[in-house]
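Only one structure is covered here, and it is reproduced in the block below.
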Amino acid sequence: MNQSIEYALGALLLYGLADFMYKRGAAAGVEPHHFLMVQTWFFTPCALLYGLASGTLAFNVAGLWGAVAGVCAVVGYYNFAHSLRSGSVSTNATIFRLSFAVTVALAVVVLHEPLTTPKLAGLALVVVAAWLLLAAPRAGTDGARRESRSSLVRVLVATVAVGILSFTYKLGLRDGATPIALVVTQGLVAVTLSTGFTAYVDRRIRPSRPAWSHAPVAAVLLVTAFIFLARGLESGEASVVVPVAQMGFVVTALLGFLLFREPFTARKGAGLAAALAALASLAKR
């Protein structure tokens with residue numbers, strides 16, 4: 001198996017588990033900005049320690065792409081965490097990880113990666129999957145429906161942000177950045193922004209107890225996933241590696257069905273199947 005795909009498969013599992021930890025945090029009542037802040041407190045030191053231990057931490061101008069990734073990470077993961085307060089993880093995590101469509105489109109347009117028939121079919125299937133997952137009728141009161149719509153808007157914002165994040169990794173690597181330099185720079189920017197945002201919102205920095213129980217686990221999973229993603233992008237095309245890595249939504253959805261007893265409808269099953277088909281199509285060479 002191609003090494004870049006092996007790294008992508010490792011990221012797949014870790015992203016899926018991390019997204020599930022976000023749902024567990026939301027279910028425990030953790031405020032999204034608290035979750036993100038505590039996560040970055042652990043994410044950044046872990047990335048630095050890995051870089052120092054591996055002897056691969058080297059900064060240059062190309063590493064500044066990691067700063068763009070940091071901004072995208074804060075926007076994306078904050079909105080994803082917020083969306084899970086009223087949205088199901090099996091649906092929202094699937095939509096969130098469809099961010100690979102944004103990355104593929106940017107890779108084709110900006111980097112001129114080949115636009116093959118399988119990639120076109122994959123992008124079309126993304127549209128179908130999104131329609132199936134987003135257009136299902138919403139039951140409940142008007143207030144509940146408004147909350148549901150707000151959840152979907154937030155997860156769509158998160159999807160676009162993380163799609164751009166993955167693309168900035170490829171740009172940084174193309175310009176000569178090392179994988180860990182991108183991850184560390186992303187973490188430094190994210191921890192600064194998330195801590196500052198929490199201080200602004202709460203007028204203090206005092207994360208809740210449940211945040212300490214869930215966010216550190218998500219941090220370890222995510223820092224490893226981002227390192228795997230960056231390593232995969234060193235030698236692989238963004239339009240191939242990123243879709244495989246984002247398949248983590250399958251892991252998250254299964255955990256949501258099994259552990260949170262989220263309802264499994266025919267429409268949701270069809271949406272998941274279309275998303276998987278899109279992934280398989282985009283991952284073809």
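Lettering and numbering for the structure tokens are positional, with chains as A, B, ... in the shown order, residues counted from 1 in each chain, and ligands counted from 1 in the shown order.
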Near segment 173-189 of chain A, counting only C-alpha atoms, which residues have an atom at most 10 Å away, once you skip same-chain residues fewer than 6 positions from it, shown as a ChimeraX atom specification?
/A:39-52,54-74,111,165,223-224,226-235
Write out, as a compact mmCIF listing (two decimals), in the first residue's frame, the residues just selected, with C-alpha atoms.
# COMPACT_ATOMS: atom_id res chain seq x y z
CA GLN A 39 -7.85 21.19 23.72
CA THR A 40 -5.32 23.69 22.38
CA TRP A 41 -3.60 23.85 25.77
CA PHE A 42 -2.69 20.19 25.28
CA PHE A 43 -2.47 20.10 21.47
CA THR A 44 0.37 22.61 21.17
CA PRO A 45 2.74 21.16 23.83
CA CYS A 46 2.20 17.66 22.38
CA ALA A 47 3.13 18.90 18.91
CA LEU A 48 6.22 20.69 20.26
CA LEU A 49 7.35 17.63 22.22
CA TYR A 50 6.97 15.41 19.15
CA GLY A 51 8.93 17.86 17.01
CA LEU A 52 11.77 18.08 19.53
CA SER A 54 11.88 13.46 16.48
CA GLY A 55 14.43 16.14 15.60
CA THR A 56 12.23 17.31 12.71
CA LEU A 57 11.14 20.68 14.12
CA ALA A 58 12.55 23.27 11.73
CA PHE A 59 10.88 26.59 10.94
CA ASN A 60 11.03 28.61 7.73
CA VAL A 61 8.77 31.06 5.92
CA ALA A 62 6.67 28.23 4.47
CA GLY A 63 5.74 27.23 8.01
CA LEU A 64 3.59 30.36 8.21
CA TRP A 65 0.95 28.46 6.28
CA GLY A 66 0.41 26.78 9.64
CA ALA A 67 -0.76 30.13 11.00
CA VAL A 68 -3.53 30.19 8.40
CA ALA A 69 -4.34 26.63 9.39
CA GLY A 70 -4.56 27.75 13.03
CA VAL A 71 -7.18 30.38 12.22
CA CYS A 72 -9.16 27.84 10.20
CA ALA A 73 -8.88 25.31 13.04
CA VAL A 74 -10.35 27.74 15.58
CA LEU A 111 -2.50 23.30 -7.79
CA LEU A 165 -7.14 24.09 6.60
CA VAL A 223 -2.41 16.26 17.10
CA THR A 224 -1.54 12.73 15.98
CA PHE A 226 -2.78 16.19 11.88
CA ILE A 227 0.78 14.85 11.92
CA PHE A 228 -0.36 11.79 9.95
CA LEU A 229 -2.24 14.02 7.50
CA ALA A 230 0.80 16.24 6.95
CA ARG A 231 3.08 13.22 6.48
CA GLY A 232 0.67 11.77 3.95
CA LEU A 233 0.51 15.05 2.04
CA GLU A 234 4.31 15.14 1.74
CA SER A 235 4.23 12.59 -1.06
Would you return as number ranges by chain the members of segment 1-177 of chain A that DSSP assigns to alpha helix (DSSP H) on this structure's backbone?
A: 3-27, 32-54, 65-83, 89-97, 100-110, 117-134, 142-174
Could you state the separation of atom CA of His214 of chain A and atom CA of Leu36 of chain A in Å, given to one decimal place?
10.5 Å
Nearest residue to Ser86 of chain A out of A:Leu254, A:Ala26, A:Ala53, A:Ala283, using only C-alpha atoms?
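Residue with the minimum atom-to-atom distance to Ser86 of chain A: A:Ala26.
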Env of Ala105 of chain A: 8 Å cut, atoms = only C-alpha atoms, seq-sep filter 4 positions within chain, self excluded. Answer as a PyMOL selection string.
chain A and resi 101+109+239
Please report the interatomic distance between atom CA of Thr192 of chain A and atom CA of Gly87 of chain A in Å with one decimal.
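About the pair atom CA of Thr192 of chain A and atom CA of Gly87 of chain A: they are 27.8 Å apart.
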Against segment 256-259 of chain A, which residues of segment 76-103 of chain A fall within 10 Å? For each one I want the closest pair of atoms and the distance in Å (one decimal), counting only C-alpha atoms, rows by chain and increasing residue number, as a Markdown table.
| residue | atom | partner | partner_atom | distance |
| --- | --- | --- | --- | --- |
| A:Ser88 | CA | A:Gly256 | CA | 7.7 |
| A:Val89 | CA | A:Gly256 | CA | 6.0 |
| A:Ser90 | CA | A:Gly256 | CA | 5.5 |
| A:Thr91 | CA | A:Gly256 | CA | 9.1 |
| A:Ala93 | CA | A:Gly256 | CA | 9.7 |
How about saving the chosen residues, all heavy atoms kept, as a PDB file, in the first residue's frame?
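Output below, filename again_32.pdb:
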ATOM      1  N   SER A  88     -27.019  15.833  15.956  1.00  0.00           N
ATOM      2  CA  SER A  88     -26.529  14.473  16.187  1.00  0.00           C
ATOM      3  C   SER A  88     -25.131  14.330  15.605  1.00  0.00           C
ATOM      4  O   SER A  88     -24.821  14.874  14.540  1.00  0.00           O
ATOM      5  CB  SER A  88     -27.466  13.449  15.544  1.00  0.00           C
ATOM      6  OG  SER A  88     -27.388  13.512  14.135  1.00  0.00           O
ATOM      7  N   VAL A  89     -24.280  13.586  16.289  1.00  0.00           N
ATOM      8  CA  VAL A  89     -22.906  13.440  15.837  1.00  0.00           C
ATOM      9  C   VAL A  89     -22.834  12.597  14.564  1.00  0.00           C
ATOM     10  O   VAL A  89     -21.955  12.793  13.727  1.00  0.00           O
ATOM     11  CB  VAL A  89     -22.024  12.834  16.955  1.00  0.00           C
ATOM     12  CG1 VAL A  89     -22.333  11.370  17.190  1.00  0.00           C
ATOM     13  CG2 VAL A  89     -20.543  13.022  16.647  1.00  0.00           C
ATOM     14  N   SER A  90     -23.772  11.653  14.394  1.00  0.00           N
ATOM     15  CA  SER A  90     -23.751  10.820  13.196  1.00  0.00           C
ATOM     16  C   SER A  90     -24.020  11.632  11.937  1.00  0.00           C
ATOM     17  O   SER A  90     -23.486  11.329  10.863  1.00  0.00           O
ATOM     18  CB  SER A  90     -24.762   9.675  13.315  1.00  0.00           C
ATOM     19  OG  SER A  90     -26.052  10.172  13.612  1.00  0.00           O
ATOM     20  N   THR A  91     -24.828  12.692  12.057  1.00  0.00           N
ATOM     21  CA  THR A  91     -25.097  13.569  10.911  1.00  0.00           C
ATOM     22  C   THR A  91     -24.038  14.665  10.794  1.00  0.00           C
ATOM     23  O   THR A  91     -23.440  14.860   9.739  1.00  0.00           O
ATOM     24  CB  THR A  91     -26.486  14.220  11.036  1.00  0.00           C
ATOM     25  OG1 THR A  91     -27.484  13.196  11.007  1.00  0.00           O
ATOM     26  CG2 THR A  91     -26.739  15.204   9.906  1.00  0.00           C
ATOM     27  N   ALA A  93     -20.995  15.066  12.110  1.00  0.00           N
ATOM     28  CA  ALA A  93     -19.619  14.650  11.840  1.00  0.00           C
ATOM     29  C   ALA A  93     -19.456  14.246  10.382  1.00  0.00           C
ATOM     30  O   ALA A  93     -18.406  14.488   9.770  1.00  0.00           O
ATOM     31  CB  ALA A  93     -19.212  13.498  12.754  1.00  0.00           C
TER      32      ALA A  93
END
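If you count only C-alpha atoms and ignore residues fewer than 6 places along the chain from Gly76 of chain A, what sits within 8 Å of it is Val157, Ala158, Thr159, Val160, Ala161 and Val162 of chain A.
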May I have the residues within 9 Å of Asn79 of chain A as a compact mmCIF listing (two decimals) with C-alpha atoms, in the first residue's frame, using only C-alpha atoms and disregarding those fewer than 3 positions away in the same chain?
# COMPACT_ATOMS: atom_id res chain seq x y z
CA PRO A 32 -17.64 25.05 22.91
CA VAL A 74 -10.35 27.74 15.58
CA VAL A 75 -13.23 28.73 13.28
CA GLY A 76 -13.87 25.15 12.18
CA HIS A 82 -21.23 24.35 18.91
CA SER A 83 -23.24 22.43 16.31
CA LEU A 84 -23.13 19.28 18.44
CA SER A 151 -26.68 23.65 14.14
CA VAL A 153 -25.33 26.39 9.52
CA ARG A 154 -22.54 26.07 12.07
CA VAL A 155 -21.42 22.68 10.81
CA LEU A 156 -21.37 23.99 7.22
CA VAL A 157 -19.13 26.89 8.29
CA ALA A 158 -16.91 24.36 10.08
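Using only C-alpha atoms, the nearest neighbour of Val241 of chain A within the list A:Arg149, A:Trp212, A:Leu115, A:Lys284 is A:Lys284.
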Determine, counting only C-alpha atoms, which protein, DNA and RNA residues have an atom within 6 Å of an atom of segment 242-251 of chain A; residues of the same chain fewer than 4 positions away are not included. Present the result as a list of chain:residue names.
A:Ala8, A:Leu9, A:Ala11, A:Leu12, A:Leu13, A:Tyr15, A:Gly16, A:Ala93, A:Thr94, A:Arg97, A:Phe100, A:Ala238, A:Leu279
Residue subset to file, keeping N, CA, C and O atoms, as a PDB file, in the first residue's frame:
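What follows is the written file part-v6.pdb:
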ATOM      1  N   ALA A   8      -2.883   8.380   5.747  1.00  0.00           N
ATOM      2  CA  ALA A   8      -4.257   8.873   5.658  1.00  0.00           C
ATOM      3  C   ALA A   8      -5.212   7.960   6.428  1.00  0.00           C
ATOM      4  O   ALA A   8      -6.141   8.427   7.093  1.00  0.00           O
ATOM      5  N   LEU A   9      -4.980   6.657   6.369  1.00  0.00           N
ATOM      6  CA  LEU A   9      -5.836   5.718   7.102  1.00  0.00           C
ATOM      7  C   LEU A   9      -5.667   5.871   8.611  1.00  0.00           C
ATOM      8  O   LEU A   9      -6.635   5.760   9.372  1.00  0.00           O
ATOM      9  N   ALA A  11      -4.896   8.706  10.072  1.00  0.00           N
ATOM     10  CA  ALA A  11      -5.619   9.942  10.382  1.00  0.00           C
ATOM     11  C   ALA A  11      -7.119   9.700  10.405  1.00  0.00           C
ATOM     12  O   ALA A  11      -7.837  10.276  11.235  1.00  0.00           O
ATOM     13  N   LEU A  12      -7.601   8.850   9.507  1.00  0.00           N
ATOM     14  CA  LEU A  12      -9.034   8.509   9.437  1.00  0.00           C
ATOM     15  C   LEU A  12      -9.548   8.045  10.801  1.00  0.00           C
ATOM     16  O   LEU A  12     -10.543   8.572  11.320  1.00  0.00           O
ATOM     17  N   LEU A  13      -8.877   7.069  11.377  1.00  0.00           N
ATOM     18  CA  LEU A  13      -9.316   6.520  12.661  1.00  0.00           C
ATOM     19  C   LEU A  13      -9.265   7.579  13.764  1.00  0.00           C
ATOM     20  O   LEU A  13     -10.205   7.721  14.553  1.00  0.00           O
ATOM     21  N   TYR A  15      -9.233  10.964  13.552  1.00  0.00           N
ATOM     22  CA  TYR A  15     -10.228  12.027  13.375  1.00  0.00           C
ATOM     23  C   TYR A  15     -11.608  11.548  13.825  1.00  0.00           C
ATOM     24  O   TYR A  15     -12.366  12.297  14.452  1.00  0.00           O
ATOM     25  N   GLY A  16     -11.946  10.305  13.479  1.00  0.00           N
ATOM     26  CA  GLY A  16     -13.251   9.778  13.861  1.00  0.00           C
ATOM     27  C   GLY A  16     -13.425   9.718  15.368  1.00  0.00           C
ATOM     28  O   GLY A  16     -14.466  10.102  15.906  1.00  0.00           O
ATOM     29  N   ALA A  93     -20.995  15.066  12.110  1.00  0.00           N
ATOM     30  CA  ALA A  93     -19.619  14.650  11.840  1.00  0.00           C
ATOM     31  C   ALA A  93     -19.456  14.246  10.382  1.00  0.00           C
ATOM     32  O   ALA A  93     -18.406  14.488   9.770  1.00  0.00           O
ATOM     33  N   THR A  94     -20.496  13.642   9.807  1.00  0.00           N
ATOM     34  CA  THR A  94     -20.434  13.274   8.391  1.00  0.00           C
ATOM     35  C   THR A  94     -20.342  14.516   7.516  1.00  0.00           C
ATOM     36  O   THR A  94     -19.510  14.604   6.605  1.00  0.00           O
ATOM     37  N   ARG A  97     -16.870  16.211   7.925  1.00  0.00           N
ATOM     38  CA  ARG A  97     -15.764  15.558   7.233  1.00  0.00           C
ATOM     39  C   ARG A  97     -15.928  15.547   5.714  1.00  0.00           C
ATOM     40  O   ARG A  97     -15.019  15.132   4.999  1.00  0.00           O
ATOM     41  N   PHE A 100     -13.509  17.413   2.745  1.00  0.00           N
ATOM     42  CA  PHE A 100     -12.556  16.997   1.717  1.00  0.00           C
ATOM     43  C   PHE A 100     -12.959  17.488   0.333  1.00  0.00           C
ATOM     44  O   PHE A 100     -12.112  17.668  -0.547  1.00  0.00           O
ATOM     45  N   ALA A 238      -3.225  16.095  -2.604  1.00  0.00           N
ATOM     46  CA  ALA A 238      -4.232  16.541  -1.641  1.00  0.00           C
ATOM     47  C   ALA A 238      -5.607  15.990  -2.000  1.00  0.00           C
ATOM     48  O   ALA A 238      -6.415  15.665  -1.120  1.00  0.00           O
ATOM     49  N   LEU A 279     -16.210   9.335  -1.237  1.00  0.00           N
ATOM     50  CA  LEU A 279     -14.846   9.137  -0.748  1.00  0.00           C
ATOM     51  C   LEU A 279     -14.092   8.136  -1.605  1.00  0.00           C
ATOM     52  O   LEU A 279     -12.961   8.366  -2.023  1.00  0.00           O
TER      53      LEU A 279
END
Expressed in Å to a single decimal, how great is the separation between atom CA of Leu106 of chain A and atom CA of Asn92 of chain A?
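According to the coordinates, atom CA of Leu106 of chain A and atom CA of Asn92 of chain A are separated by 22.5 Å.
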